[in-house]
Amino acid sequence: MDDQHPAGGAPAAGFAWGYNNAGGLGIGSVARALRPVAVTLPAGTVDVQGGTDFTVALTGTGQVWAWGGNRYGQLGDGTTAIRFAPRQVELAGSAPVASIAVGQDHVLALTRHGVIYAWGRNHRGQLGDGTTTDRAASVQVPVPDAVQVAAGNAGSAALTASGAAVIWGRALPGQAGLAGAAPARPRPLTLPPGTIPVMVDAGQRHLVVLTSHGELLTFGADPGGRPLRDSLPLDPSWGHVESISAGDNHTVALTDTGVVLAWGANSRGQLGTRDTANRQAPVQVQIPELGGGSVVELIAGGDSVLARTSEHQVYAWGHGGFGQNGNGSTADQTRPQPVPTPAEATVTGIHTGRYHCLTRTGQHH
């Protein structure tokens with residue numbers, strides 16, 4: 001099925017920019033887009049996530065659509081053909097999808113019944129089906145009662161209704177006791193006793209867990225290959241961390257008071273600190289000229305970051321080599337700068353791939 005407008009719904013509007021060598025922007029070509037270009041998203045789109053060269057959308061009715069690069073079957077349509085327009089993913093199960101997580105070259109879909117499906121690249125066992133065989137159609141992941149999924153470079157993670165965290169795929173440095181575990185099968189992530197995880201996200205070689213007490217736990221290796229510290233220090237004046245988002249080798253977090261935090265690799269300015277020095281612990285990111293608004297959404301790309309404010313302004317910083325900063329340039333940005341989106345469009349959601357960005361929009365009335 002190539003119809004990008006599900007029955008009974010009008011297409012959704014948005015903008016896209018950045019890397020487009022395989023058509024992942026959905027503009028019908030592989031033309032470069034260094035500034036936001038209007039795109040049509042599947043009707044009822046509520047989430048969009050991208051990998052290296054492809055994009056996946058989730059609708060409010062639980063449908064999954066994908067377009068762009070497909071070398072490893074990451075579009076989930078049973079082929080390895082590039083798609084310039086959204087094509088619906090037919091899952092092995094029939095339950096509506098509640099959430100998606102897109103890694104570098106693989107996808108996880110969590111249904112409303114707590115079942116996880118996966119497809120795409122599988123060279124490190126990131127699909128969790130016990131093999132290292134790429135899958136162009138979805139396979140079920142043996143994790144019962146999942147409530148959240150995360151996908152990184154070649155690794156995956158999930159949280160379950162019982163409060164457990166499980167990982168599969170690329171091994172994380174420092175996970176003692178798992179040397180004999182098969183990486184292609186889900187295995188428990190060792191958490192401190194009494195810890196209740198509420199959110200997890202994965203990068204290239206690291207994993208970040210937000211706990212019910214607002215703590216940030218990290219696993220894996222830092223940009224220099226050294227084991228990460230177990231728990232990150234947080235200043236109480238920042239507020240309570242509500243969301244986390246991992247890039248390739250950096251992470252950002254947003255607190256309930258609108259404070260933006262960042263740490264990890266910074267060679268591209270992705271921490272927004274006006275320099276390129278790495279940070280082992282979270283630092284506050286200063287965003288200029290918020291116009292009385294506050295940051296309400298924050299998401300990391302591969303080596304970049306997007307933020308959305310309560311006034312519908314979008315800011316970008318970090319790696320700009322493919323136009324990720326949306327300003328017509330391919331230069332990196334070491335501090336947040338506004339993305340020029342049309343004044344008549346109200347940005348209602350921001351999304352990233354590894355090297356490309358998208359927004360969902362409404363219209364002023």
# chains A, B, ... in the order shown; residues from 1 in each chain; ligands from 1
>>> select_by_dssp(residues="region 64-280 of chain A", states="strand (DSSP E or B)", output="PyMOL selection string")
chain A and resi 64-68+83-88+97-102+106-111+116-120+135-141+146-151+155-160+165-169+187-188+197-202+206-211+216-221+227+231+241-246+250-255+260-264+279-280
>>> write_last_selection(atoms="C-alpha atoms", output="PDB file, in the first residue's frame")
ATOM      1  CA  VAL A  64       3.106   2.707  11.271  1.00  0.00           C
ATOM      2  CA  TRP A  65       4.365   4.243   8.027  1.00  0.00           C
ATOM      3  CA  ALA A  66       7.937   4.433   6.701  1.00  0.00           C
ATOM      4  CA  TRP A  67       9.918   5.976   3.838  1.00  0.00           C
ATOM      5  CA  GLY A  68      13.501   6.613   2.711  1.00  0.00           C
ATOM      6  CA  ARG A  83      10.564   4.595  -0.913  1.00  0.00           C
ATOM      7  CA  PHE A  84      10.081   8.298  -1.609  1.00  0.00           C
ATOM      8  CA  ALA A  85       6.563   8.302  -0.151  1.00  0.00           C
ATOM      9  CA  PRO A  86       5.210   6.810   3.092  1.00  0.00           C
ATOM     10  CA  ARG A  87       4.276   3.141   2.901  1.00  0.00           C
ATOM     11  CA  GLN A  88       2.373   1.365   5.656  1.00  0.00           C
ATOM     12  CA  VAL A  97       0.956   0.321  17.869  1.00  0.00           C
ATOM     13  CA  ALA A  98       1.286   2.567  20.909  1.00  0.00           C
ATOM     14  CA  SER A  99       4.846   3.831  20.369  1.00  0.00           C
ATOM     15  CA  ILE A 100       7.880   3.477  18.123  1.00  0.00           C
ATOM     16  CA  ALA A 101      11.644   3.700  18.606  1.00  0.00           C
ATOM     17  CA  VAL A 102      13.949   4.121  15.631  1.00  0.00           C
ATOM     18  CA  HIS A 106      16.385  -0.706  12.813  1.00  0.00           C
ATOM     19  CA  VAL A 107      12.909  -0.065  14.239  1.00  0.00           C
ATOM     20  CA  LEU A 108      10.985  -1.195  17.310  1.00  0.00           C
ATOM     21  CA  ALA A 109       7.191  -0.946  17.547  1.00  0.00           C
ATOM     22  CA  LEU A 110       5.367  -1.432  20.856  1.00  0.00           C
ATOM     23  CA  THR A 111       1.698  -2.395  20.611  1.00  0.00           C
ATOM     24  CA  ILE A 116       7.303  -5.533  20.754  1.00  0.00           C
ATOM     25  CA  TYR A 117       7.968  -6.012  17.045  1.00  0.00           C
ATOM     26  CA  ALA A 118      11.274  -5.246  15.330  1.00  0.00           C
ATOM     27  CA  TRP A 119      12.690  -5.054  11.809  1.00  0.00           C
ATOM     28  CA  GLY A 120      15.707  -3.764   9.879  1.00  0.00           C
ATOM     29  CA  ARG A 135      14.680  -8.579   8.691  1.00  0.00           C
ATOM     30  CA  ALA A 136      12.698  -6.737   6.023  1.00  0.00           C
ATOM     31  CA  ALA A 137       9.457  -7.734   7.768  1.00  0.00           C
ATOM     32  CA  SER A 138       8.625  -7.518  11.458  1.00  0.00           C
ATOM     33  CA  VAL A 139       9.531 -10.192  14.002  1.00  0.00           C
ATOM     34  CA  GLN A 140       8.311 -10.415  17.592  1.00  0.00           C
ATOM     35  CA  VAL A 141      10.753  -9.650  20.412  1.00  0.00           C
ATOM     36  CA  ALA A 146       6.641  -3.950  27.717  1.00  0.00           C
ATOM     37  CA  VAL A 147       5.688  -0.348  28.432  1.00  0.00           C
ATOM     38  CA  GLN A 148       8.506   1.550  26.678  1.00  0.00           C
ATOM     39  CA  VAL A 149      11.123   0.825  24.000  1.00  0.00           C
ATOM     40  CA  ALA A 150      14.370   2.503  22.957  1.00  0.00           C
ATOM     41  CA  ALA A 151      16.622   1.970  19.946  1.00  0.00           C
ATOM     42  CA  GLY A 155      21.317  -1.840  20.536  1.00  0.00           C
ATOM     43  CA  SER A 156      17.801  -1.862  21.941  1.00  0.00           C
ATOM     44  CA  ALA A 157      16.166  -1.585  25.345  1.00  0.00           C
ATOM     45  CA  ALA A 158      12.739  -1.862  26.937  1.00  0.00           C
ATOM     46  CA  LEU A 159      11.001  -1.262  30.237  1.00  0.00           C
ATOM     47  CA  THR A 160       8.335  -3.685  31.443  1.00  0.00           C
ATOM     48  CA  ALA A 165      14.742  -2.991  32.250  1.00  0.00           C
ATOM     49  CA  VAL A 166      16.026  -5.285  29.508  1.00  0.00           C
ATOM     50  CA  ILE A 167      18.593  -4.774  26.747  1.00  0.00           C
ATOM     51  CA  TRP A 168      19.660  -6.617  23.604  1.00  0.00           C
ATOM     52  CA  GLY A 169      22.044  -6.087  20.728  1.00  0.00           C
ATOM     53  CA  ARG A 187      18.688  -9.822  28.939  1.00  0.00           C
ATOM     54  CA  PRO A 188      18.208  -7.872  32.188  1.00  0.00           C
ATOM     55  CA  PRO A 197      12.910   2.941  35.826  1.00  0.00           C
ATOM     56  CA  VAL A 198      10.374   5.202  34.106  1.00  0.00           C
ATOM     57  CA  MET A 199      12.205   6.107  30.882  1.00  0.00           C
ATOM     58  CA  VAL A 200      15.134   4.749  28.906  1.00  0.00           C
ATOM     59  CA  ASP A 201      17.004   5.867  25.786  1.00  0.00           C
ATOM     60  CA  ALA A 202      19.995   4.509  23.883  1.00  0.00           C
ATOM     61  CA  HIS A 206      25.587   4.295  26.069  1.00  0.00           C
ATOM     62  CA  LEU A 207      22.214   3.955  27.732  1.00  0.00           C
ATOM     63  CA  VAL A 208      20.441   6.439  30.014  1.00  0.00           C
ATOM     64  CA  VAL A 209      17.709   5.554  32.509  1.00  0.00           C
ATOM     65  CA  LEU A 210      15.435   8.020  34.292  1.00  0.00           C
ATOM     66  CA  THR A 211      14.146   6.674  37.613  1.00  0.00           C
ATOM     67  CA  LEU A 216      19.701   9.748  35.943  1.00  0.00           C
ATOM     68  CA  LEU A 217      21.584   6.450  35.642  1.00  0.00           C
ATOM     69  CA  THR A 218      24.079   5.870  32.823  1.00  0.00           C
ATOM     70  CA  PHE A 219      25.598   2.723  31.356  1.00  0.00           C
ATOM     71  CA  GLY A 220      28.219   2.095  28.699  1.00  0.00           C
ATOM     72  CA  ALA A 221      31.193   4.171  27.613  1.00  0.00           C
ATOM     73  CA  PRO A 227      33.152   3.492  31.540  1.00  0.00           C
ATOM     74  CA  SER A 231      24.625   8.112  38.588  1.00  0.00           C
ATOM     75  CA  VAL A 241      13.860  15.723  35.111  1.00  0.00           C
ATOM     76  CA  GLU A 242      10.832  14.758  33.001  1.00  0.00           C
ATOM     77  CA  SER A 243      12.348  13.528  29.737  1.00  0.00           C
ATOM     78  CA  ILE A 244      15.629  12.249  28.320  1.00  0.00           C
ATOM     79  CA  SER A 245      16.884  11.873  24.752  1.00  0.00           C
ATOM     80  CA  ALA A 246      20.138  10.221  23.676  1.00  0.00           C
ATOM     81  CA  HIS A 250      25.572  12.808  23.992  1.00  0.00           C
ATOM     82  CA  THR A 251      22.338  13.096  25.955  1.00  0.00           C
ATOM     83  CA  VAL A 252      19.881  15.887  26.714  1.00  0.00           C
ATOM     84  CA  ALA A 253      17.237  16.149  29.417  1.00  0.00           C
ATOM     85  CA  LEU A 254      14.337  18.510  30.097  1.00  0.00           C
ATOM     86  CA  THR A 255      13.064  19.356  33.572  1.00  0.00           C
ATOM     87  CA  VAL A 260      17.568  22.138  29.321  1.00  0.00           C
ATOM     88  CA  LEU A 261      20.468  19.885  30.370  1.00  0.00           C
ATOM     89  CA  ALA A 262      23.154  18.293  28.212  1.00  0.00           C
ATOM     90  CA  TRP A 263      26.240  16.124  28.681  1.00  0.00           C
ATOM     91  CA  GLY A 264      28.597  13.787  26.824  1.00  0.00           C
ATOM     92  CA  ARG A 279      31.075  17.176  29.690  1.00  0.00           C
ATOM     93  CA  GLN A 280      30.895  14.155  31.980  1.00  0.00           C
TER      94      GLN A 280
END
>>> atom_distance(atom1="CA of Thr276 (chain A)", atom2="CA of Gln324 (chain A)")
17.4 Å
>>> residues_around(residues="Val347 (chain A)", least_positions_apart="5", cutoff="6 Å", atoms="only C-alpha atoms", output="MDAnalysis selection string")
chainID A and resid 312 360:361
>>> residues_around(residues="Leu358 (chain A)", least_positions_apart="2", cutoff="10 Å", atoms="only C-alpha atoms", output="PyMOL selection string")
chain A and resi 14-18+25-26+36-39+48-50+55+306+324+349-353+356+360-361
>>> atom_distance(atom1="CA of Gly269 (chain A)", atom2="CA of His240 (chain A)")
25.0 Å
>>> atom_distance(atom1="CA of Gln126 (chain A)", atom2="CA of Gly103 (chain A)")
9.2 Å
>>> residues_around(residues="Tyr315 (chain A)", least_positions_apart="2", cutoff="9 Å", atoms="only C-alpha atoms", output="PyMOL selection string")
chain A and resi 287+305-309+313+317+325+336-340
>>> write_last_selection(atoms="C-alpha atoms", output="PDB file, in the first residue's frame")
ATOM      1  CA  ILE A 287      18.726  29.370  25.102  1.00  0.00           C
ATOM      2  CA  VAL A 305      19.680  18.841  19.233  1.00  0.00           C
ATOM      3  CA  LEU A 306      16.237  20.335  18.552  1.00  0.00           C
ATOM      4  CA  ALA A 307      14.132  22.211  21.110  1.00  0.00           C
ATOM      5  CA  ARG A 308      10.556  23.506  20.861  1.00  0.00           C
ATOM      6  CA  THR A 309       9.187  26.286  23.026  1.00  0.00           C
ATOM      7  CA  GLN A 313       9.647  28.426  18.174  1.00  0.00           C
ATOM      8  CA  TRP A 317      22.359  23.359  17.654  1.00  0.00           C
ATOM      9  CA  ASN A 325      20.362  23.401  11.859  1.00  0.00           C
ATOM     10  CA  PRO A 336      21.074  27.292  20.253  1.00  0.00           C
ATOM     11  CA  GLN A 337      19.787  29.325  17.305  1.00  0.00           C
ATOM     12  CA  PRO A 338      16.215  29.711  15.963  1.00  0.00           C
ATOM     13  CA  VAL A 339      15.173  27.594  12.982  1.00  0.00           C
ATOM     14  CA  PRO A 340      13.381  29.783  10.405  1.00  0.00           C
TER      15      PRO A 340
END
>>> closest_residue(among="A:Ser294, A:Ser329, A:Thr190, A:Ser310", to="Thr348 (chain A)", atoms="only C-alpha atoms")
A:Ser310
>>> decode(residues="region 233-278 of chain A", atoms="N, CA and C atoms", output="PDB file, in the first residue's frame")
ATOM      1  N   PRO A 233      25.114  13.697  38.740  1.00  0.00           N
ATOM      2  CA  PRO A 233      24.715  14.723  39.708  1.00  0.00           C
ATOM      3  C   PRO A 233      23.743  15.717  39.098  1.00  0.00           C
ATOM      4  N   LEU A 234      22.722  16.067  39.857  1.00  0.00           N
ATOM      5  CA  LEU A 234      21.715  17.020  39.390  1.00  0.00           C
ATOM      6  C   LEU A 234      21.529  18.117  40.438  1.00  0.00           C
ATOM      7  N   ASP A 235      21.504  19.349  39.993  1.00  0.00           N
ATOM      8  CA  ASP A 235      21.288  20.494  40.873  1.00  0.00           C
ATOM      9  C   ASP A 235      19.789  20.613  41.157  1.00  0.00           C
ATOM     10  N   PRO A 236      19.375  20.586  42.421  1.00  0.00           N
ATOM     11  CA  PRO A 236      17.940  20.674  42.742  1.00  0.00           C
ATOM     12  C   PRO A 236      17.261  21.908  42.154  1.00  0.00           C
ATOM     13  N   SER A 237      18.029  22.979  41.945  1.00  0.00           N
ATOM     14  CA  SER A 237      17.432  24.209  41.415  1.00  0.00           C
ATOM     15  C   SER A 237      16.982  24.049  39.968  1.00  0.00           C
ATOM     16  N   TRP A 238      17.448  22.996  39.307  1.00  0.00           N
ATOM     17  CA  TRP A 238      17.046  22.762  37.917  1.00  0.00           C
ATOM     18  C   TRP A 238      15.615  22.240  37.813  1.00  0.00           C
ATOM     19  N   GLY A 239      15.103  21.665  38.875  1.00  0.00           N
ATOM     20  CA  GLY A 239      13.788  21.052  38.823  1.00  0.00           C
ATOM     21  C   GLY A 239      13.895  19.548  38.638  1.00  0.00           C
ATOM     22  N   HIS A 240      12.753  18.915  38.408  1.00  0.00           N
ATOM     23  CA  HIS A 240      12.670  17.464  38.288  1.00  0.00           C
ATOM     24  C   HIS A 240      12.775  17.060  36.819  1.00  0.00           C
ATOM     25  N   VAL A 241      13.702  16.160  36.498  1.00  0.00           N
ATOM     26  CA  VAL A 241      13.860  15.723  35.111  1.00  0.00           C
ATOM     27  C   VAL A 241      12.616  14.964  34.669  1.00  0.00           C
ATOM     28  N   GLU A 242      12.052  15.377  33.523  1.00  0.00           N
ATOM     29  CA  GLU A 242      10.832  14.758  33.001  1.00  0.00           C
ATOM     30  C   GLU A 242      11.067  13.942  31.745  1.00  0.00           C
ATOM     31  N   SER A 243      12.092  14.275  30.962  1.00  0.00           N
ATOM     32  CA  SER A 243      12.348  13.528  29.737  1.00  0.00           C
ATOM     33  C   SER A 243      13.832  13.482  29.437  1.00  0.00           C
ATOM     34  N   ILE A 244      14.246  12.408  28.737  1.00  0.00           N
ATOM     35  CA  ILE A 244      15.629  12.249  28.320  1.00  0.00           C
ATOM     36  C   ILE A 244      15.651  11.865  26.843  1.00  0.00           C
ATOM     37  N   SER A 245      16.734  12.230  26.160  1.00  0.00           N
ATOM     38  CA  SER A 245      16.884  11.873  24.752  1.00  0.00           C
ATOM     39  C   SER A 245      18.366  11.703  24.455  1.00  0.00           C
ATOM     40  N   ALA A 246      18.737  10.535  23.941  1.00  0.00           N
ATOM     41  CA  ALA A 246      20.138  10.221  23.676  1.00  0.00           C
ATOM     42  C   ALA A 246      20.460  10.387  22.200  1.00  0.00           C
ATOM     43  N   GLY A 247      21.557  11.087  21.913  1.00  0.00           N
ATOM     44  CA  GLY A 247      22.116  11.137  20.573  1.00  0.00           C
ATOM     45  C   GLY A 247      23.146  10.025  20.432  1.00  0.00           C
ATOM     46  N   ASP A 248      24.017  10.146  19.440  1.00  0.00           N
ATOM     47  CA  ASP A 248      25.038   9.111  19.268  1.00  0.00           C
ATOM     48  C   ASP A 248      25.887   8.970  20.521  1.00  0.00           C
ATOM     49  N   ASN A 249      26.475  10.080  20.973  1.00  0.00           N
ATOM     50  CA  ASN A 249      27.368  10.040  22.135  1.00  0.00           C
ATOM     51  C   ASN A 249      27.122  11.186  23.104  1.00  0.00           C
ATOM     52  N   HIS A 250      25.938  11.779  23.024  1.00  0.00           N
ATOM     53  CA  HIS A 250      25.572  12.808  23.992  1.00  0.00           C
ATOM     54  C   HIS A 250      24.121  12.583  24.395  1.00  0.00           C
ATOM     55  N   THR A 251      23.705  13.244  25.459  1.00  0.00           N
ATOM     56  CA  THR A 251      22.338  13.096  25.955  1.00  0.00           C
ATOM     57  C   THR A 251      21.822  14.459  26.389  1.00  0.00           C
ATOM     58  N   VAL A 252      20.524  14.673  26.217  1.00  0.00           N
ATOM     59  CA  VAL A 252      19.881  15.887  26.714  1.00  0.00           C
ATOM     60  C   VAL A 252      18.708  15.494  27.596  1.00  0.00           C
ATOM     61  N   ALA A 253      18.361  16.381  28.509  1.00  0.00           N
ATOM     62  CA  ALA A 253      17.237  16.149  29.417  1.00  0.00           C
ATOM     63  C   ALA A 253      16.495  17.455  29.624  1.00  0.00           C
ATOM     64  N   LEU A 254      15.189  17.347  29.859  1.00  0.00           N
ATOM     65  CA  LEU A 254      14.337  18.510  30.097  1.00  0.00           C
ATOM     66  C   LEU A 254      13.669  18.344  31.451  1.00  0.00           C
ATOM     67  N   THR A 255      13.681  19.415  32.247  1.00  0.00           N
ATOM     68  CA  THR A 255      13.064  19.356  33.572  1.00  0.00           C
ATOM     69  C   THR A 255      11.680  19.993  33.560  1.00  0.00           C
ATOM     70  N   ASP A 256      10.955  19.807  34.652  1.00  0.00           N
ATOM     71  CA  ASP A 256       9.589  20.339  34.747  1.00  0.00           C
ATOM     72  C   ASP A 256       9.554  21.855  34.846  1.00  0.00           C
ATOM     73  N   THR A 257      10.710  22.483  35.037  1.00  0.00           N
ATOM     74  CA  THR A 257      10.761  23.951  35.059  1.00  0.00           C
ATOM     75  C   THR A 257      11.280  24.506  33.740  1.00  0.00           C
ATOM     76  N   GLY A 258      11.438  23.633  32.727  1.00  0.00           N
ATOM     77  CA  GLY A 258      11.877  24.080  31.415  1.00  0.00           C
ATOM     78  C   GLY A 258      13.378  24.210  31.265  1.00  0.00           C
ATOM     79  N   VAL A 259      14.136  23.705  32.237  1.00  0.00           N
ATOM     80  CA  VAL A 259      15.597  23.763  32.149  1.00  0.00           C
ATOM     81  C   VAL A 259      16.088  22.682  31.191  1.00  0.00           C
ATOM     82  N   VAL A 260      16.972  23.063  30.283  1.00  0.00           N
ATOM     83  CA  VAL A 260      17.568  22.138  29.321  1.00  0.00           C
ATOM     84  C   VAL A 260      18.950  21.734  29.824  1.00  0.00           C
ATOM     85  N   LEU A 261      19.184  20.421  29.908  1.00  0.00           N
ATOM     86  CA  LEU A 261      20.468  19.885  30.370  1.00  0.00           C
ATOM     87  C   LEU A 261      21.111  19.081  29.250  1.00  0.00           C
ATOM     88  N   ALA A 262      22.443  19.059  29.232  1.00  0.00           N
ATOM     89  CA  ALA A 262      23.154  18.293  28.212  1.00  0.00           C
ATOM     90  C   ALA A 262      24.476  17.809  28.777  1.00  0.00           C
ATOM     91  N   TRP A 263      24.935  16.652  28.271  1.00  0.00           N
ATOM     92  CA  TRP A 263      26.240  16.124  28.681  1.00  0.00           C
ATOM     93  C   TRP A 263      26.718  15.094  27.651  1.00  0.00           C
ATOM     94  N   GLY A 264      28.014  14.763  27.735  1.00  0.00           N
ATOM     95  CA  GLY A 264      28.597  13.787  26.824  1.00  0.00           C
ATOM     96  C   GLY A 264      29.498  14.437  25.796  1.00  0.00           C
ATOM     97  N   ALA A 265      29.524  13.860  24.585  1.00  0.00           N
ATOM     98  CA  ALA A 265      30.387  14.357  23.513  1.00  0.00           C
ATOM     99  C   ALA A 265      29.939  15.741  23.055  1.00  0.00           C
ATOM    100  N   ASN A 266      30.930  16.548  22.618  1.00  0.00           N
ATOM    101  CA  ASN A 266      30.611  17.928  22.240  1.00  0.00           C
ATOM    102  C   ASN A 266      31.466  18.426  21.075  1.00  0.00           C
ATOM    103  N   SER A 267      32.028  17.495  20.308  1.00  0.00           N
ATOM    104  CA  SER A 267      32.937  17.903  19.229  1.00  0.00           C
ATOM    105  C   SER A 267      32.244  18.732  18.157  1.00  0.00           C
ATOM    106  N   ARG A 268      30.934  18.598  18.054  1.00  0.00           N
ATOM    107  CA  ARG A 268      30.153  19.353  17.071  1.00  0.00           C
ATOM    108  C   ARG A 268      29.352  20.490  17.702  1.00  0.00           C
ATOM    109  N   GLY A 269      29.590  20.743  18.989  1.00  0.00           N
ATOM    110  CA  GLY A 269      28.830  21.780  19.671  1.00  0.00           C
ATOM    111  C   GLY A 269      27.451  21.336  20.099  1.00  0.00           C
ATOM    112  N   GLN A 270      27.219  20.008  20.129  1.00  0.00           N
ATOM    113  CA  GLN A 270      25.882  19.487  20.399  1.00  0.00           C
ATOM    114  C   GLN A 270      25.405  19.690  21.834  1.00  0.00           C
ATOM    115  N   LEU A 271      26.279  20.140  22.721  1.00  0.00           N
ATOM    116  CA  LEU A 271      25.831  20.423  24.085  1.00  0.00           C
ATOM    117  C   LEU A 271      25.341  21.859  24.232  1.00  0.00           C
ATOM    118  N   GLY A 272      25.541  22.668  23.204  1.00  0.00           N
ATOM    119  CA  GLY A 272      25.018  24.032  23.239  1.00  0.00           C
ATOM    120  C   GLY A 272      25.699  24.940  24.228  1.00  0.00           C
ATOM    121  N   THR A 273      26.959  24.627  24.571  1.00  0.00           N
ATOM    122  CA  THR A 273      27.684  25.366  25.616  1.00  0.00           C
ATOM    123  C   THR A 273      28.640  26.417  25.055  1.00  0.00           C
ATOM    124  N   ARG A 274      28.532  26.717  23.753  1.00  0.00           N
ATOM    125  CA  ARG A 274      29.363  27.718  23.080  1.00  0.00           C
ATOM    126  C   ARG A 274      30.828  27.301  22.992  1.00  0.00           C
ATOM    127  N   ASP A 275      31.084  26.007  23.169  1.00  0.00           N
ATOM    128  CA  ASP A 275      32.428  25.477  23.017  1.00  0.00           C
ATOM    129  C   ASP A 275      32.311  24.052  22.496  1.00  0.00           C
ATOM    130  N   THR A 276      33.425  23.342  22.415  1.00  0.00           N
ATOM    131  CA  THR A 276      33.396  21.953  21.952  1.00  0.00           C
ATOM    132  C   THR A 276      34.031  21.020  22.978  1.00  0.00           C
ATOM    133  N   ALA A 277      33.990  21.405  24.242  1.00  0.00           N
ATOM    134  CA  ALA A 277      34.548  20.569  25.308  1.00  0.00           C
ATOM    135  C   ALA A 277      33.511  19.553  25.778  1.00  0.00           C
ATOM    136  N   ASN A 278      33.910  18.286  25.899  1.00  0.00           N
ATOM    137  CA  ASN A 278      33.011  17.251  26.406  1.00  0.00           C
ATOM    138  C   ASN A 278      32.651  17.534  27.858  1.00  0.00           C
TER     139      ASN A 278
END
